[in-house]
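What follows is data21.txt (compact mmCIF, C-alpha atoms and all ligand atoms).
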# COMPACT_ATOMS: atom_id res chain seq x y z
CA MET I 418 21.10 -8.88 12.02
CA THR I 419 18.06 -8.38 9.77
CA LYS I 420 18.58 -5.94 6.93
CA LYS I 421 16.54 -2.77 6.61
CA ILE I 422 15.03 -1.38 3.44
CA ARG I 423 16.08 2.26 2.91
CA ILE I 424 13.22 4.41 1.67
CA ALA I 425 13.94 7.92 0.35
CA ILE I 426 11.17 10.50 0.58
CA GLN I 427 11.10 14.27 0.12
CA LYS I 428 12.30 16.25 3.14
CA SER I 429 9.83 19.09 2.61
CA GLY I 430 7.60 20.16 -0.24
CA ARG I 431 4.67 18.96 -2.26
CA LEU I 432 5.36 15.22 -1.91
CA GLN I 433 6.34 15.13 1.74
CA GLU I 434 3.06 15.01 3.66
CA GLN I 435 1.41 12.39 1.44
CA SER I 436 4.56 10.22 1.33
CA VAL I 437 4.71 10.17 5.14
CA LYS I 438 0.96 9.51 5.35
CA LEU I 439 1.17 6.58 2.92
CA LEU I 440 4.08 4.94 4.76
CA LYS I 441 2.31 5.39 8.10
CA GLU I 442 -0.91 3.89 6.68
CA CYS I 443 1.27 0.94 5.60
CA GLY I 444 2.20 0.40 9.25
CA LEU I 445 5.65 2.04 9.14
CA SER I 446 5.86 4.27 12.21
CA PHE I 447 8.74 6.72 12.54
CA SER I 448 9.37 10.24 13.81
CA ASN I 449 9.76 12.97 11.26
CA GLY I 450 10.74 16.23 12.94
CA PRO I 451 11.70 19.21 10.74
CA ASN I 452 15.45 18.70 11.15
CA ARG I 453 15.48 14.96 10.77
CA LEU I 454 17.35 13.58 7.76
CA LYS I 455 17.10 9.91 8.71
CA ALA I 456 14.66 7.90 10.86
CA SER I 457 14.39 4.26 11.82
CA CYS I 458 10.98 2.59 11.73
CA TYR I 459 9.81 1.02 14.98
CA SER I 460 7.45 -1.45 13.39
CA PHE I 461 9.07 -2.55 10.10
CA PRO I 462 12.72 -3.17 9.15
CA ALA I 463 13.04 0.14 7.31
CA GLU I 464 15.03 3.33 7.44
CA ILE I 465 13.57 6.56 6.05
CA LEU I 466 15.89 9.08 4.36
CA PHE I 467 14.56 12.65 4.00
CA LEU I 468 16.06 14.20 0.86
CA ARG I 469 15.57 16.86 -1.84
CA ASP I 470 13.26 15.26 -4.38
CA ASP I 471 15.64 16.05 -7.27
CA ASP I 472 18.35 13.95 -5.62
CA ILE I 473 16.20 10.86 -5.02
CA PRO I 474 16.65 9.21 -8.49
CA GLN I 475 20.45 9.43 -8.15
CA TYR I 476 20.44 8.02 -4.61
CA VAL I 477 18.25 5.14 -5.78
CA GLU I 478 20.42 4.46 -8.85
CA ASP I 479 23.52 4.40 -6.62
CA GLY I 480 21.80 2.04 -4.16
CA VAL I 481 22.22 4.53 -1.28
CA ALA I 482 18.44 4.22 -1.00
CA ASP I 483 16.70 1.00 -2.10
CA VAL I 484 13.44 2.70 -3.01
CA GLY I 485 12.14 6.26 -3.25
CA ILE I 486 9.00 8.29 -3.78
CA VAL I 487 9.28 10.96 -6.51
CA GLY I 488 7.14 12.72 -9.08
CA GLU I 489 7.10 11.03 -12.51
CA ASN I 490 8.32 14.37 -13.90
CA VAL I 491 11.52 14.16 -11.83
CA TYR I 492 11.98 10.46 -12.71
CA ILE I 493 11.76 11.22 -16.45
CA GLU I 494 13.92 14.34 -16.19
CA LYS I 495 16.76 12.68 -14.30
CA GLN I 496 17.13 9.75 -16.76
CA LYS I 497 18.55 7.37 -14.16
CA GLU I 498 18.76 3.58 -14.39
CA ILE I 499 16.02 2.81 -11.87
CA SER I 500 12.75 0.83 -11.96
CA VAL I 501 9.23 2.22 -11.62
CA ILE I 502 7.37 -0.04 -9.18
CA GLU I 503 3.98 1.55 -8.61
CA LYS I 504 1.95 4.69 -9.31
CA LEU I 505 0.83 6.15 -6.00
CA ASP I 506 -2.22 8.23 -6.91
CA PHE I 507 -1.18 11.52 -5.28
CA SER I 508 0.63 14.77 -6.22
CA LYS I 509 -1.12 14.73 -9.56
CA CYS I 510 -0.03 17.58 -11.79
CA ARG I 511 1.07 18.29 -15.35
CA LEU I 512 4.12 19.81 -16.96
CA SER I 513 2.84 22.50 -19.30
CA ILE I 514 3.96 25.21 -21.67
CA ALA I 515 2.76 28.67 -20.66
CA ILE I 516 3.10 32.07 -22.33
CA PRO I 517 2.09 35.64 -21.34
CA ARG I 518 -1.70 35.92 -21.25
CA GLU I 519 -1.84 38.79 -23.75
CA LYS I 520 0.20 36.93 -26.41
CA GLU I 521 -1.49 35.01 -29.29
CA TYR I 522 -0.61 31.32 -29.34
CA GLY I 523 -0.03 29.87 -32.81
CA GLY I 524 0.58 26.21 -31.85
CA PRO I 525 3.84 24.49 -30.84
CA GLN I 526 5.57 25.72 -34.03
CA SER I 527 5.23 29.31 -32.81
CA LEU I 528 7.91 28.44 -30.22
CA ASN I 529 10.53 28.23 -32.99
CA GLY I 530 13.41 30.58 -32.25
CA LYS I 531 12.00 31.45 -28.82
CA LYS I 532 13.61 31.21 -25.39
CA ILE I 533 11.93 28.77 -22.96
CA ALA I 534 12.67 28.83 -19.23
CA THR I 535 12.29 25.55 -17.30
CA SER I 536 13.62 23.36 -14.50
CA TYR I 537 13.09 20.35 -16.78
CA PRO I 538 15.58 20.80 -19.66
CA ASN I 539 15.71 17.11 -20.67
CA ILE I 540 11.93 16.74 -20.88
CA VAL I 541 11.65 20.01 -22.84
CA ARG I 542 14.51 19.03 -25.19
CA GLN I 543 12.77 15.73 -25.95
CA TYR I 544 9.42 17.48 -26.52
CA LEU I 545 10.96 20.05 -28.88
CA LYS I 546 12.73 17.28 -30.81
CA GLU I 547 9.48 15.32 -31.24
CA GLN I 548 7.69 18.46 -32.45
CA ASN I 549 10.59 19.47 -34.72
CA ILE I 550 11.01 22.81 -32.98
CA GLU I 551 14.30 24.71 -32.64
CA ALA I 552 14.16 26.75 -29.45
CA ASP I 553 16.58 27.92 -26.80
CA ILE I 554 16.18 26.23 -23.39
CA HIS I 555 17.10 28.35 -20.39
CA GLU I 556 17.43 26.24 -17.24
CA ILE I 557 16.44 27.75 -13.90
CA SER I 558 15.90 25.83 -10.69
CA GLY I 559 12.78 27.51 -9.32
CA SER I 560 10.28 30.40 -9.55
CA VAL I 561 10.10 29.67 -13.27
CA GLU I 562 6.80 31.54 -13.66
CA ILE I 563 8.62 34.84 -13.15
CA ALA I 564 10.80 34.40 -16.27
CA PRO I 565 8.56 35.99 -18.96
CA GLY I 566 7.73 38.94 -16.68
CA ILE I 567 11.41 39.87 -16.25
CA GLY I 568 12.38 39.37 -19.88
CA LEU I 569 14.28 36.12 -19.30
CA ALA I 570 12.17 34.02 -21.68
CA GLU I 571 9.14 34.17 -23.96
CA ALA I 572 7.63 30.92 -22.66
CA ILE I 573 8.03 28.53 -19.73
CA VAL I 574 7.57 24.84 -19.10
CA ASP I 575 6.63 24.18 -15.48
CA ILE I 576 4.34 22.27 -13.16
CA VAL I 577 0.66 23.20 -13.18
CA SER I 578 -2.00 21.92 -10.86
CA THR I 579 -4.80 24.42 -10.17
CA GLY I 580 -3.30 27.01 -12.53
CA SER I 581 -3.34 29.72 -9.85
CA THR I 582 0.45 30.33 -9.98
CA LEU I 583 0.21 30.91 -13.74
CA LEU I 584 -2.77 33.20 -13.27
CA SER I 585 -1.10 35.33 -10.63
CA ASN I 586 1.97 35.72 -12.85
CA GLY I 587 0.01 36.82 -15.94
CA LEU I 588 0.55 33.56 -17.84
CA LYS I 589 -1.73 31.13 -19.69
CA GLU I 590 -1.29 27.39 -20.21
CA VAL I 591 -1.13 26.51 -23.91
CA GLU I 592 0.16 22.93 -24.14
CA THR I 593 0.54 19.89 -21.86
CA VAL I 594 3.94 18.24 -22.20
CA MET I 595 3.32 15.41 -19.71
CA LYS I 596 1.07 14.32 -16.85
CA SER I 597 2.62 13.30 -13.56
CA GLU I 598 1.86 11.74 -10.20
CA ALA I 599 3.95 10.37 -7.34
CA ILE I 600 5.57 7.01 -8.06
CA LEU I 601 7.57 4.43 -6.14
CA VAL I 602 10.95 3.76 -7.76
CA SER I 603 13.60 1.20 -6.86
CA THR I 604 17.21 0.23 -7.49
CA LYS I 605 17.46 -2.13 -10.52
CA THR I 606 18.92 -5.07 -8.61
CA LEU I 607 18.09 -5.46 -4.96
CA ASP I 608 19.57 -7.77 -2.34
CA PRO I 609 17.13 -10.75 -2.00
CA GLU I 610 16.32 -9.87 1.64
CA ILE I 611 15.55 -6.27 0.67
CA GLN I 612 13.50 -7.52 -2.29
CA LEU I 613 11.30 -9.47 0.15
CA LEU I 614 10.82 -6.34 2.26
CA LEU I 615 9.92 -4.38 -0.88
CA GLU I 616 7.33 -7.00 -1.81
CA LYS I 617 5.77 -6.66 1.66
CA LEU I 618 5.71 -2.90 1.27
CA ILE I 619 4.12 -3.08 -2.21
CA PHE I 620 1.46 -5.47 -0.84
CA ARG I 621 0.61 -2.92 1.87
CA ILE I 622 0.61 0.06 -0.53
CA LYS I 623 -1.81 -1.79 -2.83
CA ALA I 624 -4.08 -2.61 0.13
CA VAL I 625 -4.13 1.05 1.21
CA ASN I 626 -4.63 2.48 -2.28
CA THR I 627 -7.29 -0.05 -3.36
CA ALA I 628 -9.21 0.76 -0.19
CA LYS I 629 -9.14 4.48 -1.04
CA ASN I 630 -10.95 3.90 -4.34
CA ASN I 631 -13.59 1.61 -2.86
CA LYS I 632 -16.43 2.01 -0.41
CA TYR I 633 -18.32 -0.43 1.82
CA LEU I 634 -22.02 -0.24 0.99
CA LEU I 635 -24.89 -1.39 3.21
CA LEU I 636 -28.55 -1.30 2.26
CA ASN I 637 -31.92 -2.82 3.09
CA THR I 638 -33.69 -4.60 0.25
CA PRO I 639 -36.96 -6.44 -0.32
CA ASN I 640 -36.03 -10.12 -0.71
CA GLU I 641 -37.34 -10.28 -4.27
CA SER I 642 -34.70 -7.69 -5.33
CA ILE I 643 -31.67 -9.52 -3.85
CA GLU I 644 -30.75 -11.24 -7.09
CA ALA I 645 -31.03 -8.09 -9.21
CA ILE I 646 -29.02 -6.04 -6.68
CA THR I 647 -26.38 -8.77 -6.51
CA ASN I 648 -25.95 -8.42 -10.28
CA ILE I 649 -25.35 -4.68 -9.87
CA LEU I 650 -23.18 -5.02 -6.74
CA PRO I 651 -21.12 -8.21 -7.15
CA GLY I 652 -18.64 -7.08 -4.45
CA MET I 653 -15.34 -8.87 -3.90
CA LYS I 654 -16.77 -12.40 -4.17
CA SER I 655 -20.50 -11.91 -3.64
CA PRO I 656 -22.51 -9.67 -1.30
CA THR I 657 -23.30 -10.64 2.29
CA VAL I 658 -27.05 -11.03 2.78
CA THR I 659 -28.61 -11.30 6.24
CA PRO I 660 -32.34 -11.32 7.07
CA LEU I 661 -33.89 -8.34 8.82
CA GLN I 662 -36.29 -8.79 11.73
CA GLN I 663 -39.03 -7.49 9.42
CA ALA I 664 -40.30 -10.36 7.25
CA GLY I 665 -39.51 -10.18 3.51
CA TRP I 666 -36.53 -7.84 3.94
CA SER I 667 -32.74 -8.35 4.07
CA SER I 668 -29.64 -6.33 4.73
CA LEU I 669 -27.13 -6.53 1.87
CA HIS I 670 -23.45 -5.56 2.26
CA SER I 671 -21.04 -5.14 -0.64
CA VAL I 672 -18.00 -3.24 -1.88
CA ILE I 673 -18.19 -0.73 -4.70
CA ASN I 674 -15.77 1.43 -6.63
CA GLU I 675 -16.39 5.03 -5.58
CA ASN I 676 -16.68 6.20 -9.20
CA ASP I 677 -19.53 3.76 -9.87
CA PHE I 678 -21.67 4.77 -6.89
CA TRP I 679 -23.63 7.66 -8.46
CA GLU I 680 -24.09 5.62 -11.65
CA ILE I 681 -26.01 2.83 -9.89
CA ILE I 682 -27.82 4.66 -7.10
CA ASP I 683 -31.00 5.19 -9.22
CA GLN I 684 -31.09 1.50 -10.19
CA LEU I 685 -30.85 0.53 -6.50
CA LYS I 686 -33.70 2.88 -5.58
CA ASP I 687 -35.85 1.55 -8.45
CA LEU I 688 -35.33 -1.98 -7.06
CA GLY I 689 -36.70 -0.82 -3.69
CA ALA I 690 -33.41 -0.47 -1.77
CA GLN I 691 -33.64 1.70 1.36
CA GLY I 692 -31.35 2.93 4.14
CA ILE I 693 -28.29 2.99 1.87
CA LEU I 694 -25.03 3.64 3.75
CA VAL I 695 -21.62 4.23 2.10
CA VAL I 696 -18.67 3.81 4.44
CA PRO I 697 -14.91 4.34 3.86
CA ILE I 698 -12.63 1.29 3.88
CA GLU I 699 -9.21 1.56 5.57
CA LYS I 700 -7.38 -1.41 4.01
CA MET I 701 -8.50 -3.78 1.27
CA ILE I 702 -6.87 -7.08 0.34
CA ILE I 703 -8.42 -8.66 -2.73
N1 LIG N 801 1.07 22.20 -7.36
C1 LIG N 801 1.32 20.91 -7.36
N2 LIG N 801 0.32 20.00 -7.29
C2 LIG N 801 0.57 18.67 -7.30
N3 LIG N 801 1.81 18.14 -7.37
C3 LIG N 801 2.83 18.99 -7.45
C4 LIG N 801 2.66 20.40 -7.44
N4 LIG N 801 3.85 21.01 -7.51
C5 LIG N 801 4.73 20.01 -7.55
N5 LIG N 801 4.15 18.80 -7.53
C6 LIG N 801 4.81 17.47 -7.56
O1 LIG N 801 5.60 17.38 -6.38
C7 LIG N 801 6.99 17.30 -6.70
C8 LIG N 801 7.78 18.13 -5.71
O2 LIG N 801 7.40 19.49 -5.83
P1 LIG N 801 8.09 20.63 -4.96
O3 LIG N 801 7.52 21.93 -5.44
O4 LIG N 801 7.96 20.30 -3.53
O5 LIG N 801 9.57 20.42 -5.46
P2 LIG N 801 10.91 21.14 -5.10
O6 LIG N 801 10.62 22.57 -4.79
O7 LIG N 801 11.83 20.79 -6.21
O8 LIG N 801 11.35 20.40 -3.75
P3 LIG N 801 12.81 20.07 -3.16
O9 LIG N 801 13.08 21.15 -2.20
O10 LIG N 801 12.64 18.72 -2.48
O11 LIG N 801 13.77 19.99 -4.31
C9 LIG N 801 7.09 17.79 -8.15
O12 LIG N 801 8.20 17.23 -8.82
C10 LIG N 801 5.78 17.32 -8.73
O13 LIG N 801 5.84 15.94 -9.08
O1 LIG N 802 -0.99 25.34 -10.56
P1 LIG N 802 -0.73 25.57 -9.09
O2 LIG N 802 -1.74 24.89 -8.22
O3 LIG N 802 -0.56 27.01 -8.76
O4 LIG N 802 0.64 24.81 -8.74
C1 LIG N 802 1.81 25.00 -9.50
C2 LIG N 802 2.95 25.46 -8.67
O5 LIG N 802 3.17 24.50 -7.61
C3 LIG N 802 4.58 24.21 -7.55
O6 LIG N 802 5.25 25.13 -6.79
P2 LIG N 802 5.18 25.13 -5.17
O7 LIG N 802 3.95 25.86 -4.74
O8 LIG N 802 5.33 23.74 -4.67
O9 LIG N 802 6.41 26.01 -4.78
P3 LIG N 802 7.98 25.86 -5.12
O10 LIG N 802 8.29 27.12 -5.85
O11 LIG N 802 8.63 25.75 -3.80
O12 LIG N 802 8.18 24.62 -5.96
C4 LIG N 802 5.03 24.37 -8.99
O13 LIG N 802 6.41 24.60 -9.11
C5 LIG N 802 4.21 25.52 -9.51
O14 LIG N 802 4.86 26.73 -9.33
MG MG N 803 13.44 19.98 -6.11

Take the structure in this file and express it as structure tokens.
Amino acid sequence: MTKKIRIAIQKSGRLQEQSVKLLKECGLSFSNGPNRLKASCYSFPAEILFLRDDDIPQYVEDGVADVGIVGENVYIEKQKEISVIEKLDFSKCRLSIAIPREKEYGGPQSLNGKKIATSYPNIVRQYLKEQNIEADIHEISGSVEIAPGIGLAEAIVDIVSTGSTLLSNGLKEVETVMKSEAILVSTKTLDPEIQLLLEKLIFRIKAVNTAKNNKYLLLNTPNESIEAITNILPGMKSPTVTPLQQAGWSSLHSVINENDFWEIIDQLKDLGAQGILVVPIEKMII
């Protein structure tokens, strides 16, 4: 019987939807109803385990799951013997120190002797040690932003993305402790068959994520500008150039990193390019 790779993802919460989407884009189809804790993939030898995100590092360390998707913040906090395989480019956030909006902030040293509420005691302990601060860490498992308002702590360390949770709880962000995004983690030593499945999965994840950052670009160019445009748009190997019906003109197709597009658009126009189309790419294998 062929072995299956066991992939742990969050059951519900901030990582869930994007983790499911990524696996499905990688060709792993499975059903994920609200009460499902385990699902078999139809199209890939894999089993999906739906778990609390905080438990995923432990399950991966124990080998109950071979790989898992967690936030870097949880990976660092849990201090488990597991490997980081790949950053996944979603659930981007930061772990920040926040204090009541009306309070003056006098730098990290002003936290000396204060009480800090957090769900990330190990990360905070390490930060305080590095900054040479003596403060009291009060661990709570959720709704951390409420702590200063009810007199539980003078500061908090929690996840911030848009900052709206801090704002609605009368807090202000004063320091970033770490940045985080979703990552793929794995057990340190994998069975060789599972390792091969993991390599297939990584190949697919890279194809999906590279495609997201790139766009397919089509334009019409006067033939005398082909060389100059090729220098600006080298593409994966070199652009495809096909003649148009209209003499002296060609259609040029290439691939471009999304971030570069607005930087080069004026140069393309100056070289006489017309009818520029930018199209999303679904998968990209370099
Ligand atoms: N507002 C946010 N924006 C982006 N990413 C976030 C945000 N909040 C959390 N994350 C990331 O998603 C992860 C899971 O967050 P979530 O709030 O769903 O955790 P949780 O409540 O502990 O879930 P669980 O019930 O699985 O324990 C966090 O560890 C962090 O990496
Ligand atoms: O800066 P913001 O965009 O407001 O995001 C930050 C909030 O998002 C997360 O909570 P979530 O909404 O996932 O709820 P939770 O309490 O269930 O973790 C996190 O714990 C923060 O409270
Ligand atoms: Mg959790």

Residues within 6 Å of ligand LIG 801 (chain N), counting only C-alpha atoms and all ligand atoms, as a VMD selection string: chain I and resid 427 429 to 432 469 to 471 488 490 to 491 508 to 510 576 to 578 598

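With only C-alpha atoms as the atoms that count, the residue of I:Ser603, I:Ser446, I:Thr638, I:Thr535 with the shortest distance to Glu556 (chain I) is I:Thr535.
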
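Of the residues under consideration (I:Cys443, I:Ile703, I:Ile502, I:Ala564), I:Ala564 shows the shortest atom-to-atom contact distance to ligand LIG 802 (chain N) when counting only C-alpha atoms and all ligand atoms.
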
Quick one: everything within 7 Å of region 673-681 of chain I, counting all atoms listed in the file, minus sequence neighbours fewer than 3 positions away in the same chain. Send it as a PyMOL selection string. chain I and resi 630-634+650+652+684-685

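In terms of minimum interatomic distance to Ala534 (chain I), I:His555 ranks closest within I:His555, I:Lys623, I:Lys520, I:Arg453, counting only C-alpha atoms.
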
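Among the candidate residues I:Ser436, I:Ser457, I:Thr579, I:Ser585, the one lying nearest to Ile622 (chain I) is I:Ser436, with distances computed using all atoms listed in the file.
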
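In this structure, CA of Ile533 (chain I) sits 5.0 Å away from CA of Ile554 (chain I).
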
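Between CA of Ser448 (chain I) and CA of Ile465 (chain I) the separation is 9.6 Å.
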
Excluding Pro639 (chain I) and residues on its chain fewer than 2 positions from it, collect all residues at most 7 Å away from it, counting only C-alpha atoms, and give them as a PyMOL selection string. chain I and resi 641-642+665-667+689
